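Next comes my_file.json, a file with JSON, C-alpha atoms.
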[["chain", "number", "residue", "atom", "x", "y", "z"],
["A", 163, "MET", "CA", -7.94, 8.71, 56.46],
["A", 164, "THR", "CA", -11.69, 8.16, 56.14],
["A", 165, "MET", "CA", -13.07, 5.17, 54.22],
["A", 166, "PHE", "CA", -14.33, 7.54, 51.50],
["A", 167, "ALA", "CA", -10.91, 9.17, 51.16],
["A", 168, "LEU", "CA", -9.23, 5.77, 51.05],
["A", 169, "LYS", "CA", -11.50, 4.59, 48.24],
["A", 170, "LYS", "CA", -10.87, 7.81, 46.34],
["A", 171, "TYR", "CA", -7.12, 7.36, 46.78],
["A", 172, "LEU", "CA", -7.21, 3.75, 45.60],
["A", 173, "LEU", "CA", -9.28, 4.68, 42.56],
["A", 174, "ALA", "CA", -6.82, 7.42, 41.67],
["A", 175, "LEU", "CA", -3.92, 5.03, 42.16],
["A", 176, "GLY", "CA", -5.58, 2.46, 39.94],
["A", 177, "ALA", "CA", -6.24, 5.00, 37.20],
["A", 178, "GLY", "CA", -2.64, 6.12, 37.36],
["A", 179, "ALA", "CA", -1.47, 2.54, 37.03],
["A", 180, "VAL", "CA", -3.66, 2.04, 33.98],
["A", 181, "MET", "CA", -2.29, 5.22, 32.40],
["A", 182, "ALA", "CA", 1.26, 4.18, 33.15],
["A", 183, "THR", "CA", 0.64, 0.78, 31.59],
["A", 184, "ALA", "CA", -0.81, 2.44, 28.47],
["A", 185, "VAL", "CA", 2.20, 4.71, 28.16],
["A", 186, "ALA", "CA", 4.60, 1.79, 28.68],
["A", 187, "ALA", "CA", 2.86, -0.44, 26.12],
["A", 188, "PRO", "CA", 4.62, -0.61, 22.76],
["A", 189, "LEU", "CA", 3.11, 0.85, 19.62],
["A", 190, "LYS", "CA", 2.01, -2.24, 17.70],
["A", 191, "ILE", "CA", 2.27, -1.99, 13.92],
["A", 192, "GLY", "CA", 0.82, -4.64, 11.61],
["A", 193, "VAL", "CA", 2.53, -5.21, 8.25],
["A", 194, "THR", "CA", 2.78, -7.79, 5.48],
["A", 195, "PRO", "CA", 6.10, -9.39, 4.47],
["A", 196, "GLY", "CA", 8.35, -7.83, 1.87],
["A", 197, "SER", "CA", 9.29, -4.23, 1.16],
["A", 198, "LEU", "CA", 6.73, -2.82, 3.61],
["A", 199, "ALA", "CA", 7.81, -4.96, 6.55],
["A", 200, "ASP", "CA", 11.48, -4.38, 5.79],
["A", 201, "SER", "CA", 11.11, -0.60, 5.76],
["A", 202, "VAL", "CA", 8.98, -0.57, 8.91],
["A", 203, "GLN", "CA", 11.55, -2.69, 10.75],
["A", 204, "VAL", "CA", 14.19, -0.07, 9.96],
["A", 205, "ALA", "CA", 11.93, 2.71, 11.22],
["A", 206, "ALA", "CA", 11.05, 0.71, 14.33],
["A", 207, "LYS", "CA", 14.73, 0.33, 15.20],
["A", 208, "GLU", "CA", 15.25, 4.08, 14.89],
["A", 209, "ALA", "CA", 12.08, 4.75, 16.91],
["A", 210, "ARG", "CA", 13.36, 2.60, 19.78],
["A", 211, "GLN", "CA", 16.62, 4.52, 19.75],
["A", 212, "ALA", "CA", 14.54, 7.70, 20.05],
["A", 213, "GLY", "CA", 12.63, 6.32, 23.03],
["A", 214, "LEU", "CA", 9.47, 5.11, 21.25],
["A", 215, "ASP", "CA", 8.90, 1.40, 21.85],
["A", 216, "VAL", "CA", 7.56, -0.23, 18.68],
["A", 217, "GLN", "CA", 6.51, -3.83, 18.06],
["A", 218, "VAL", "CA", 6.22, -4.97, 14.44],
["A", 219, "ILE", "CA", 3.73, -7.77, 13.79],
["A", 220, "GLU", "CA", 3.71, -9.52, 10.41],
["A", 221, "PHE", "CA", 0.52, -10.90, 8.88],
["A", 222, "THR", "CA", 0.49, -13.29, 5.94],
["A", 223, "ASP", "CA", -2.89, -12.28, 4.52],
["A", 224, "TRP", "CA", -4.69, -9.06, 3.59],
["A", 225, "THR", "CA", -7.71, -9.47, 5.88],
["A", 226, "THR", "CA", -6.33, -9.97, 9.38],
["A", 227, "PRO", "CA", -4.41, -6.67, 9.62],
["A", 228, "ASN", "CA", -7.66, -4.70, 9.40],
["A", 229, "THR", "CA", -9.57, -7.11, 11.62],
["A", 230, "ALA", "CA", -6.86, -6.87, 14.30],
["A", 231, "LEU", "CA", -6.75, -3.08, 14.01],
["A", 232, "ASP", "CA", -10.52, -2.68, 14.28],
["A", 233, "ALA", "CA", -10.50, -4.95, 17.35],
["A", 234, "GLY", "CA", -7.76, -2.88, 19.01],
["A", 235, "ASP", "CA", -5.20, -5.70, 18.99],
["A", 236, "ILE", "CA", -2.76, -3.46, 17.10],
["A", 237, "ASP", "CA", -2.46, 0.32, 16.98],
["A", 238, "ILE", "CA", -1.75, 0.88, 13.30],
["A", 239, "ASN", "CA", -1.26, -1.09, 10.12],
["A", 240, "TYR", "CA", 0.73, -0.47, 6.97],
["A", 241, "PHE", "CA", -0.07, -2.75, 4.04],
["A", 242, "GLN", "CA", -2.92, -1.31, 1.96],
["A", 243, "HIS", "CA", -3.59, 1.52, -0.44],
["A", 244, "GLN", "CA", -6.59, 3.83, -0.16],
["A", 245, "ALA", "CA", -8.61, 1.92, -2.75],
["A", 246, "PHE", "CA", -8.25, -1.32, -0.75],
["A", 247, "LEU", "CA", -9.06, 0.50, 2.49],
["A", 248, "ASP", "CA", -12.20, 2.07, 1.04],
["A", 249, "ASN", "CA", -13.44, -1.35, -0.08],
["A", 250, "ALA", "CA", -12.70, -2.91, 3.32],
["A", 251, "ILE", "CA", -14.58, -0.17, 5.18],
["A", 252, "ARG", "CA", -17.54, -0.45, 2.82],
["A", 253, "ASP", "CA", -17.69, -4.25, 3.00],
["A", 254, "ARG", "CA", -17.00, -4.76, 6.72],
["A", 255, "GLY", "CA", -17.92, -1.52, 8.42],
["A", 256, "TYR", "CA", -14.52, -0.99, 10.03],
["A", 257, "LYS", "CA", -14.05, 2.22, 12.03],
["A", 258, "ILE", "CA", -10.55, 2.84, 10.72],
["A", 259, "GLU", "CA", -8.96, 5.50, 8.52],
["A", 260, "SER", "CA", -5.77, 6.68, 6.88],
["A", 261, "VAL", "CA", -3.50, 8.75, 9.11],
["A", 262, "GLY", "CA", -0.48, 9.04, 6.84],
["A", 263, "VAL", "CA", 0.83, 8.25, 3.40],
["A", 264, "GLY", "CA", 3.60, 5.76, 2.76],
["A", 265, "LEU", "CA", 5.43, 4.50, -0.29],
["A", 266, "LEU", "CA", 3.77, 4.22, -3.69],
["A", 267, "PRO", "CA", 4.71, 1.01, -5.54],
["A", 268, "ASN", "CA", 4.40, 1.90, -9.21],
["A", 269, "ILE", "CA", 2.92, -0.53, -11.70],
["A", 270, "GLY", "CA", 3.99, -0.95, -15.29],
["A", 271, "LEU", "CA", 2.89, -2.26, -18.64],
["A", 272, "TYR", "CA", 5.31, -5.06, -19.52],
["A", 273, "SER", "CA", 6.06, -7.15, -22.57],
["A", 274, "LYS", "CA", 8.57, -9.87, -23.29],
["A", 275, "LYS", "CA", 7.71, -9.78, -27.00],
["A", 276, "HIS", "CA", 7.58, -6.11, -27.97],
["A", 277, "ALA", "CA", 9.86, -3.14, -27.36],
["A", 278, "ALA", "CA", 7.26, -0.37, -27.58],
["A", 279, "LEU", "CA", 3.55, 0.14, -27.08],
["A", 280, "ALA", "CA", 3.22, 1.05, -30.75],
["A", 281, "ASP", "CA", 4.41, -2.46, -31.64],
["A", 282, "ILE", "CA", 1.53, -4.26, -29.88],
["A", 283, "PRO", "CA", -0.40, -5.90, -32.77],
["A", 284, "ALA", "CA", -4.14, -5.65, -33.22],
["A", 285, "GLY", "CA", -6.00, -8.52, -31.60],
["A", 286, "SER", "CA", -3.25, -9.21, -29.05],
["A", 287, "SER", "CA", -3.95, -10.64, -25.61],
["A", 288, "VAL", "CA", -3.34, -8.27, -22.70],
["A", 289, "GLY", "CA", -3.24, -9.40, -19.07],
["A", 290, "VAL", "CA", -4.87, -7.34, -16.31],
["A", 291, "ALA", "CA", -5.48, -8.12, -12.64],
["A", 292, "ASN", "CA", -8.77, -9.89, -11.92],
["A", 293, "ASP", "CA", -9.53, -8.21, -8.58],
["A", 294, "PRO", "CA", -11.60, -4.99, -8.83],
["A", 295, "VAL", "CA", -9.16, -2.66, -7.10],
["A", 296, "ASN", "CA", -6.02, -3.56, -9.02],
["A", 297, "GLN", "CA", -7.83, -4.17, -12.31],
["A", 298, "ALA", "CA", -8.99, -0.56, -12.28],
["A", 299, "ARG", "CA", -5.43, 0.62, -11.79],
["A", 300, "GLY", "CA", -4.23, -1.45, -14.74],
["A", 301, "LEU", "CA", -7.04, -0.25, -16.99],
["A", 302, "LEU", "CA", -6.29, 3.36, -16.14],
["A", 303, "LEU", "CA", -2.67, 2.81, -17.15],
["A", 304, "LEU", "CA", -3.78, 1.20, -20.43],
["A", 305, "GLN", "CA", -5.91, 4.27, -21.02],
["A", 306, "THR", "CA", -2.92, 6.54, -20.31],
["A", 307, "ALA", "CA", -1.02, 4.49, -22.89],
["A", 308, "GLY", "CA", -3.72, 5.27, -25.45],
["A", 309, "LEU", "CA", -4.64, 1.61, -25.97],
["A", 310, "ILE", "CA", -8.21, 1.82, -24.60],
["A", 311, "SER", "CA", -10.70, 4.42, -23.43],
["A", 312, "LEU", "CA", -12.88, 4.04, -20.35],
["A", 313, "ARG", "CA", -16.33, 5.33, -19.55],
["A", 314, "PRO", "CA", -15.94, 8.97, -18.40],
["A", 315, "GLY", "CA", -15.75, 9.42, -14.65],
["A", 316, "VAL", "CA", -15.40, 5.74, -13.76],
["A", 317, "GLY", "CA", -11.91, 6.28, -12.33],
["A", 318, "ALA", "CA", -10.73, 3.82, -9.68],
["A", 319, "LYS", "CA", -13.93, 1.77, -10.04],
["A", 320, "ALA", "CA", -13.21, 0.84, -13.63],
["A", 321, "SER", "CA", -13.63, -2.73, -14.84],
["A", 322, "VAL", "CA", -13.27, -4.38, -18.23],
["A", 323, "ASN", "CA", -17.00, -3.70, -18.69],
["A", 324, "ASP", "CA", -16.26, 0.04, -18.70],
["A", 325, "ILE", "CA", -14.10, -0.05, -21.82],
["A", 326, "VAL", "CA", -15.83, 2.10, -24.45],
["A", 327, "SER", "CA", -13.06, 2.19, -27.05],
["A", 328, "ASN", "CA", -10.57, -0.51, -27.98],
["A", 329, "PRO", "CA", -9.26, 0.46, -31.44],
["A", 330, "ARG", "CA", -6.75, -2.40, -31.66],
["A", 331, "LYS", "CA", -9.38, -4.92, -30.53],
["A", 332, "LEU", "CA", -7.13, -6.14, -27.75],
["A", 333, "LYS", "CA", -8.28, -9.22, -25.82],
["A", 334, "LEU", "CA", -8.31, -8.39, -22.12],
["A", 335, "LEU", "CA", -7.50, -11.45, -20.01],
["A", 336, "GLU", "CA", -8.24, -11.27, -16.26],
["A", 337, "VAL", "CA", -5.44, -12.91, -14.27],
["A", 338, "GLU", "CA", -4.77, -13.38, -10.55],
["A", 339, "GLY", "CA", -2.45, -10.55, -9.53],
["A", 340, "PRO", "CA", 0.47, -12.73, -8.39],
["A", 341, "GLN", "CA", 0.23, -14.76, -11.63],
["A", 342, "LEU", "CA", 0.71, -11.76, -13.92],
["A", 343, "VAL", "CA", 4.48, -12.37, -13.84],
["A", 344, "ARG", "CA", 3.97, -15.82, -15.38],
["A", 345, "ALA", "CA", 1.32, -14.54, -17.78],
["A", 346, "LEU", "CA", 3.97, -12.40, -19.48],
["A", 347, "ASP", "CA", 5.20, -15.55, -21.22],
["A", 348, "ASP", "CA", 1.84, -15.98, -22.94],
["A", 349, "VAL", "CA", 0.49, -12.49, -23.66],
["A", 350, "ALA", "CA", 1.69, -9.56, -25.74],
["A", 351, "LEU", "CA", 1.37, -7.12, -22.83],
["A", 352, "ALA", "CA", 0.44, -7.27, -19.17],
["A", 353, "GLN", "CA", -0.08, -5.06, -16.19],
["A", 354, "GLY", "CA", 2.78, -5.82, -13.85],
["A", 355, "TYR", "CA", 4.07, -5.09, -10.38],
["A", 356, "PRO", "CA", 7.80, -4.30, -10.38],
["A", 357, "ALA", "CA", 8.24, -5.65, -6.84],
["A", 358, "HIS", "CA", 6.74, -9.00, -7.94],
["A", 359, "LEU", "CA", 9.17, -9.16, -10.85],
["A", 360, "VAL", "CA", 12.10, -8.35, -8.56],
["A", 361, "ASN", "CA", 10.99, -11.07, -6.13],
["A", 362, "ALA", "CA", 10.72, -13.50, -9.06],
["A", 363, "GLY", "CA", 14.35, -12.86, -9.99],
["A", 364, "GLN", "CA", 13.50, -10.70, -13.03],
["A", 365, "ARG", "CA", 15.08, -7.43, -11.92],
["A", 366, "GLU", "CA", 16.12, -6.46, -15.44],
["A", 367, "LEU", "CA", 12.57, -6.86, -16.75],
["A", 368, "ALA", "CA", 11.21, -4.90, -13.78],
["A", 369, "SER", "CA", 13.19, -1.91, -15.02],
["A", 370, "ARG", "CA", 12.02, -2.25, -18.64],
["A", 371, "ALA", "CA", 8.30, -1.48, -18.51],
["A", 372, "LEU", "CA", 6.92, 0.19, -21.61],
["A", 373, "LEU", "CA", 5.07, 2.61, -19.32],
["A", 374, "TYR", "CA", 5.00, 3.20, -15.57],
["A", 375, "SER", "CA", 2.42, 4.78, -13.32],
["A", 376, "THR", "CA", 3.62, 7.88, -11.47],
["A", 377, "VAL", "CA", 3.26, 9.79, -8.23],
["A", 378, "ASP", "CA", -0.01, 11.15, -9.63],
["A", 379, "ASP", "CA", -1.39, 7.66, -8.87],
["A", 380, "LEU", "CA", -1.57, 8.66, -5.19],
["A", 381, "TYR", "CA", -4.83, 6.77, -4.52],
["A", 382, "TYR", "CA", -2.72, 3.62, -4.64],
["A", 383, "ALA", "CA", -0.02, 4.74, -2.19],
["A", 384, "ILE", "CA", 0.30, 2.50, 0.86],
["A", 385, "ARG", "CA", -1.35, 4.06, 3.90],
["A", 386, "PHE", "CA", -0.69, 4.12, 7.60],
["A", 387, "VAL", "CA", -4.11, 3.24, 9.03],
["A", 388, "ALA", "CA", -5.41, 3.60, 12.59],
["A", 389, "ARG", "CA", -8.69, 3.25, 14.42],
["A", 390, "SER", "CA", -10.76, 6.40, 14.11],
["A", 391, "ASP", "CA", -11.03, 6.74, 17.89],
["A", 392, "ARG", "CA", -7.24, 6.43, 18.35],
["A", 393, "LYS", "CA", -5.93, 8.41, 15.41],
["A", 394, "GLN", "CA", -4.83, 11.26, 17.71],
["A", 395, "ASP", "CA", -2.38, 9.01, 19.58],
["A", 396, "PRO", "CA", 0.81, 11.12, 19.41],
["A", 397, "ARG", "CA", 2.94, 7.99, 19.07],
["A", 398, "ILE", "CA", 1.34, 7.31, 15.69],
["A", 399, "ALA", "CA", 2.18, 10.74, 14.33],
["A", 400, "GLN", "CA", 5.69, 10.42, 15.73],
["A", 401, "PHE", "CA", 6.28, 7.09, 14.00],
["A", 402, "VAL", "CA", 4.84, 8.22, 10.66],
["A", 403, "GLN", "CA", 7.00, 11.33, 10.70],
["A", 404, "LEU", "CA", 10.08, 9.29, 11.58],
["A", 405, "TYR", "CA", 9.37, 6.82, 8.75],
["A", 406, "GLN", "CA", 8.97, 9.60, 6.20],
["A", 407, "ALA", "CA", 12.05, 11.55, 7.33],
["A", 408, "SER", "CA", 14.49, 8.65, 7.81],
["A", 409, "PRO", "CA", 17.31, 8.31, 5.25],
["A", 410, "ALA", "CA", 17.75, 4.70, 6.41],
["A", 411, "VAL", "CA", 14.11, 3.92, 5.59],
["A", 412, "ALA", "CA", 14.48, 5.53, 2.16],
["A", 413, "LYS", "CA", 17.61, 3.46, 1.54],
["A", 414, "GLN", "CA", 15.81, 0.24, 2.51],
["A", 415, "ILE", "CA", 12.87, 1.04, 0.24],
["A", 416, "SER", "CA", 15.25, 1.67, -2.64],
["A", 417, "ALA", "CA", 16.97, -1.67, -2.02],
["A", 418, "SER", "CA", 13.62, -3.46, -2.00],
["A", 419, "PHE", "CA", 12.92, -2.04, -5.46],
["A", 420, "ALA", "CA", 16.26, -2.99, -7.00],
["A", 421, "ASP", "CA", 17.57, 0.57, -6.46],
["A", 422, "ASP", "CA", 15.48, 1.70, -9.42],
["A", 423, "ALA", "CA", 13.56, 4.92, -8.82],
["A", 424, "LYS", "CA", 11.16, 4.13, -11.68],
["A", 425, "LEU", "CA", 9.65, 1.30, -9.65],
["A", 426, "TYR", "CA", 8.31, 3.35, -6.74],
["A", 427, "SER", "CA", 7.60, 6.84, -5.48],
["A", 428, "LEU", "CA", 7.84, 8.54, -2.10],
["A", 429, "PRO", "CA", 4.74, 10.77, -2.29],
["A", 430, "TRP", "CA", 5.27, 12.46, 1.07],
["A", 431, "LYS", "CA", 8.11, 14.36, -0.59],
["A", 432, "ASN", "CA", 5.41, 16.05, -2.66],
["A", 433, "THR", "CA", 3.68, 17.73, 0.29],
["A", 434, "ALA", "CA", 0.93, 19.24, -1.84],
["A", 435, "LYS", "CA", -0.39, 15.78, -2.70],
["A", 436, "ALA", "CA", 0.52, 13.66, 0.29],
["A", 437, "ALA", "CA", -2.27, 14.48, 2.75],
["A", 438, "PRO", "CA", -3.69, 11.43, 4.63]]

Structure translated into structure tokens:
Amino acid sequence: MTMFALKKYLLALGAGAVMATAVAAPLKIGVTPGSLADSVQVAAKEARQAGLDVQVIEFTDWTTPNTALDAGDIDINYFQHQAFLDNAIRDRGYKIESVGVGLLPNIGLYSKKHAALADIPAGSSVGVANDPVNQARGLLLLQTAGLISLRPGVGAKASVNDIVSNPRKLKLLEVEGPQLVRALDDVALAQGYPAHLVNAGQRELASRALLYSTVDDLYYAIRFVARSDRKQDPRIAQFVQLYQASPAVAKQISASFADDAKLYSLPWKNTAKAAP
């Protein structure tokens, strides 16, 4: 073998080794603790049984999963809805995008003092999330309830400054999202997250919202997100499809939401609306 042929052979061998390593490497999925991590762990177990090696990595904040994904330290993450993703891309310039839709945690309008929206007195205090993304979602639900009207076309960018009609002169109080559960003791009505209420030991209240969001709220469904230059990785599509089709995953999601179908939606079952 000539020196040239030897070098060519070694280069080919090295490339093959790299490819083999890439194929052998596990699909790394970043999640946050709770219902999302629990459901992904179930899917990961089934994926391994089907021959797809999956490693689940939990993050305790909402910044690192996107930073790690953009850097290539993980292959996919599953913790954020499209509104959060859009903000992250705009603020940080990430080259990442949605590659599949996951569960949709519904939100509700809750009260410990009143049994119906019609009973909310004029001048009452109403709690809404103080962060832009989730505040908009709460305001849109208040508008659906007929309690306020928002500036036309503002949609998912709505803030308290976009309220153009408030016939009951409700006092909108901006509260840290996780503190909305506690705020219910002090306000007449509040935007609430059923999963937070379940985690706080208030399962009965979680199932007694005066109004829930629905599957039409798809912008806030949790997304499977990948780097734009790796979104065609067939392992990603395989895992997303397995997650969506698995009865065991659906059962785990239900358990995480107190087995109450009002508290969440599975939008991929509505194929006309569940595009990435």

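Between atom CA of A:Ser311 and atom CA of A:Gln244 there is a distance of 23.6 Å.
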
Might you pull out every residue within 10 Å of A:Gln341, with all atoms listed in the file counted and same-chain residues fewer than 2 positions away left off, and present them as a short mmCIF file (atom, residue, chain, number, x, y, z; two decimals) with C-alpha atoms, keeping the file's coordinate frame?
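The new file selection-v3.cif reads:
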data_model
loop_
_atom_site.label_atom_id
_atom_site.label_comp_id
_atom_site.auth_asym_id
_atom_site.auth_seq_id
_atom_site.Cartn_x
_atom_site.Cartn_y
_atom_site.Cartn_z
CA GLY A 289 -3.24 -9.40 -19.07
CA ALA A 291 -5.48 -8.12 -12.64
CA VAL A 337 -5.44 -12.91 -14.27
CA GLU A 338 -4.77 -13.38 -10.55
CA GLY A 339 -2.45 -10.55 -9.53
CA VAL A 343 4.48 -12.37 -13.84
CA ARG A 344 3.97 -15.82 -15.38
CA ALA A 345 1.32 -14.54 -17.78
CA LEU A 346 3.97 -12.40 -19.48
CA GLY A 354 2.78 -5.82 -13.85
CA HIS A 358 6.74 -9.00 -7.94
#

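For A:Asp422, the list of residues within 10 Å, based on all atoms listed in the file and with local chain neighbours fewer than 2 positions off taken out, reads Pro356, Arg365, Ala368, Ser369, Ser416, Ala417, Ser418, Phe419, Ala420, Lys424, Leu425 and Tyr426 of chain A.
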
query = What is the atom CA of A:Leu231 to atom CA of A:Ala320 distance in Å?
reply =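 If I compute the distance from atom CA of A:Leu231 to atom CA of A:Ala320, I get 28.7 Å.
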
Starting from 8 Å padding per side, set up an axis-aligned box that covers all listed atoms of stretch 394-405 of chain A and hand over centre and edge lengths in Å, one decimal, as lines of an AutoDock Vina configuration file.
center_x = 2.6
center_y = 9.1
center_z = 14.2
size_x = 30.9
size_y = 20.5
size_z = 26.8

query = Can you tell me, as an MDAnalysis selection string, what residues are no more than 8 Å from A:Leu302 when counting all atoms listed in the file, ignoring any on the same chain fewer than 2 positions away?
reply = chainID A and resid 298:300 304:306 312 317:318 320

task = Could you check which of A:Asp232, A:Glu208, A:Asp378, A:Asp421 is closest to A:Gln403, using only C-alpha atoms?
result =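 Of all the options, A:Glu208 lies closest to A:Gln403.
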
task = Considering only C-alpha atoms, return as an MDAnalysis selection string whatever protein or nucleic-acid residues lie within 8 Å of A:Leu351, sequence-local ones (same chain, fewer than 3 positions apart) excluded.
result = chainID A and resid 271:274 282 287:289 346

I need the residues from that last selection saved to file as a PDB file, in the frame of the given file (with C-alpha atoms), if you can.
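Dumped to selection38.pdb:
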ATOM      1  CA  LEU A 271       2.890  -2.260 -18.640  1.00  0.00           C
ATOM      2  CA  TYR A 272       5.310  -5.060 -19.520  1.00  0.00           C
ATOM      3  CA  SER A 273       6.060  -7.150 -22.570  1.00  0.00           C
ATOM      4  CA  LYS A 274       8.570  -9.870 -23.290  1.00  0.00           C
ATOM      5  CA  ILE A 282       1.530  -4.260 -29.880  1.00  0.00           C
ATOM      6  CA  SER A 287      -3.950 -10.640 -25.610  1.00  0.00           C
ATOM      7  CA  VAL A 288      -3.340  -8.270 -22.700  1.00  0.00           C
ATOM      8  CA  GLY A 289      -3.240  -9.400 -19.070  1.00  0.00           C
ATOM      9  CA  LEU A 346       3.970 -12.400 -19.480  1.00  0.00           C
TER      10      LEU A 346
END

inquiry  = Rounded to one decimal, what separation in Å do you get between atom CA of A:Ala205 and atom CA of A:Gly234?
reply    = 21.9 Å

message = From the options A:Val261, A:Leu373, A:Ile384, A:Ala209, which residue's atoms come nearest to A:Ser197, counting only C-alpha atoms?
response =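 Under the stated criterion, the closest residue is A:Ile384.
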
ask   = Quick one: of A:Gly192, A:Gly262, A:Gly270, A:Gly255, who's nearest to A:Ile236, counting all atoms listed in the file?
value =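 For A:Ile236, the nearest of the given residues is A:Gly192.
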
Taking (-3.1, -3.4, -1.0) as a centre in this file's frame and 8 Å as the limit, can you find every polymer residue with an atom that close, using all atoms listed in the file, and give them as a compact mmCIF listing (two decimals) with C-alpha atoms, in the coordinates of the input?
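So point-v4.txt came out as:
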# COMPACT_ATOMS: atom_id res chain seq x y z
CA TRP A 224 -4.69 -9.06 3.59
CA PHE A 241 -0.07 -2.75 4.04
CA GLN A 242 -2.92 -1.31 1.96
CA HIS A 243 -3.59 1.52 -0.44
CA ALA A 245 -8.61 1.92 -2.75
CA PHE A 246 -8.25 -1.32 -0.75
CA LEU A 247 -9.06 0.50 2.49
CA TYR A 382 -2.72 3.62 -4.64
CA ILE A 384 0.30 2.50 0.86

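Counting all atoms listed in the file, A:Ala307 has the following residues at most 10 Å away, ignoring those fewer than 6 positions along the same chain: A:Leu271, A:Leu279, A:Ala280, A:Leu301, A:Leu372, A:Leu373, A:Tyr374.
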
note = Using all atoms listed in the file, the best pick from A:Pro429, A:Arg389, A:Arg397, A:Pro340 as closest to A:Ala362 would be A:Pro340

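Comparing A:Val218, A:Val360, A:Val322, A:Val193 by their smallest distance to A:Asp293, the closest is A:Val322 (using all atoms listed in the file).
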
Among listed residues A:Leu359, A:Ala187, A:Val202, A:Val349, nearest A:Leu265 (using all atoms listed in the file) = A:Val202
